[in-house]
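A short write-up of the structure that comes next.
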Amino acid sequence: MIARLALVAALALAVPALVAEPAFAADSVQKAPPGGKYKKVSELVKLPDFLPGLGTLYVDPATLPAGPFLAYDHQGKLVSTIYMIPMKDFTEQKKLSDLAAPGGKVDHVSMYYNAGHPGVQEPHYHVVLWHVPKSEESRVAAR
């Protein structure tokens, strides 16, 4: 258990260094709905349109299950890019590199465990690349 916690802590510290600059203009994803191949997650799987703590999610279905998922607040403004990394990738010590941040600059990173949900059934970690300051995370809180 201690080894697993140490691994997660090390990854949380290392993730900001792994974030790649976006391969396309951040302006194209700043407002929902994003263009290109992104689809609203609630239209792909049985989930609500707005998930408290995450926001309204969009993903290119070809990138499932990991993502990136683009997360928008109640006003349709991008707040974060989320990756859903299967727990087995951590236990198998797979390398995580070049986590794209389509929304541009990453202010800070959060990581937390999820036991599974529609769309990503297996246990995984949410790696959240926040494009807003920590003080603005509440933009994706429930109303």
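By convention in this document, the chains of the structure tokens carry letters A, B, ... by their order, each chain's residues are numbered from 1, and ligands are numbered from 1 in the order they are shown.
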
### Query
chain A: which residues are strand (DSSP E or B) by DSSP, as a PyMOL selection string?
chain A and resi 19-20+31+39-40+51+55-59+69-72+77-86+99-100+108-114+117+120+124-130

Give me, as a tab-separated table, the closest atom pair and its distance (Å, one decimal) for every residue of segment 15-100 of chain A within a cut-off of 8 Å of segment 126-133 of chain A, counting only C-alpha atoms, rows sorted by chain and rising number.
residue	atom	partner	partner_atom	distance
A:Leu78	CA	A:His131	CA	7.5
A:Val79	CA	A:His131	CA	5.3
A:Ser80	CA	A:Trp130	CA	4.3
A:Thr81	CA	A:Leu129	CA	5.1
A:Ile82	CA	A:Val128	CA	4.5
A:Tyr83	CA	A:Val127	CA	5.0
A:Met84	CA	A:His126	CA	4.7
A:Ile85	CA	A:His126	CA	6.5

How close does each residue of segment 80-132 of chain A get to segment 27-42 of chain A, giving the shortest atom pair and distance in Å to one decimal for every residue with an atom at most 9 Å away, counting only C-alpha atoms, sorted by chain and residue number, as JSON lines?
{"residue": "A:Pro102", "atom": "CA", "partner": "A:Val29", "partner_atom": "CA", "distance": 7.1}
{"residue": "A:Gly103", "atom": "CA", "partner": "A:Val29", "partner_atom": "CA", "distance": 6.2}
{"residue": "A:Gly104", "atom": "CA", "partner": "A:Asp27", "partner_atom": "CA", "distance": 8.5}
{"residue": "A:Gly119", "atom": "CA", "partner": "A:Val41", "partner_atom": "CA", "distance": 8.4}

### Query
For Asp49 of chain A, which residue out of A:Asp73, A:Met111, A:Pro61, A:Asp89 is the nearest one, using only C-alpha atoms?
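Looking only at the distances to Asp49 of chain A, the closest residue turns out to be A:Asp73.
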
### Task
Using DSSP on the backbone coordinates, identify the residues of chain A assigned to alpha helix (DSSP H); present them as a count of residues only.
26

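Minimum atom-to-atom distance to Phe90 of chain A, evaluated using only C-alpha atoms, belongs to A:Tyr113 out of A:Gln121, A:Thr63, A:Tyr113, A:Val140.
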
### Task
Find the residues around Leu54 of chain A up to 8 Å (only C-alpha atoms counted), leave out those fewer than 3 positions away in its own chain, and share them as a PyMOL selection string.
chain A and resi 50-51+57+71-72+140-141

### Task
For atom CA of Leu70 of chain A and atom CA of Tyr58 of chain A, determine how far apart the two atoms are, in Å to one decimal place.
5.1 Å

### Task
Tell me which of A:Val59, A:Gly67, A:Gly76, A:Val106 sits closest to Glu43 of chain A, counting only C-alpha atoms.
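For Glu43 of chain A, the nearest of the given residues is A:Val59.
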
### Query
So what do you get for atom CA of Phe69 of chain A versus atom CA of Met87 of chain A, distance-wise?
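Value for the atom CA of Phe69 of chain A-atom CA of Met87 of chain A distance: 17.5 Å.
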
### Two-atom distance - atom CA of Lys88 of chain A, atom CA of Ala100 of chain A (Å)
20.9 Å
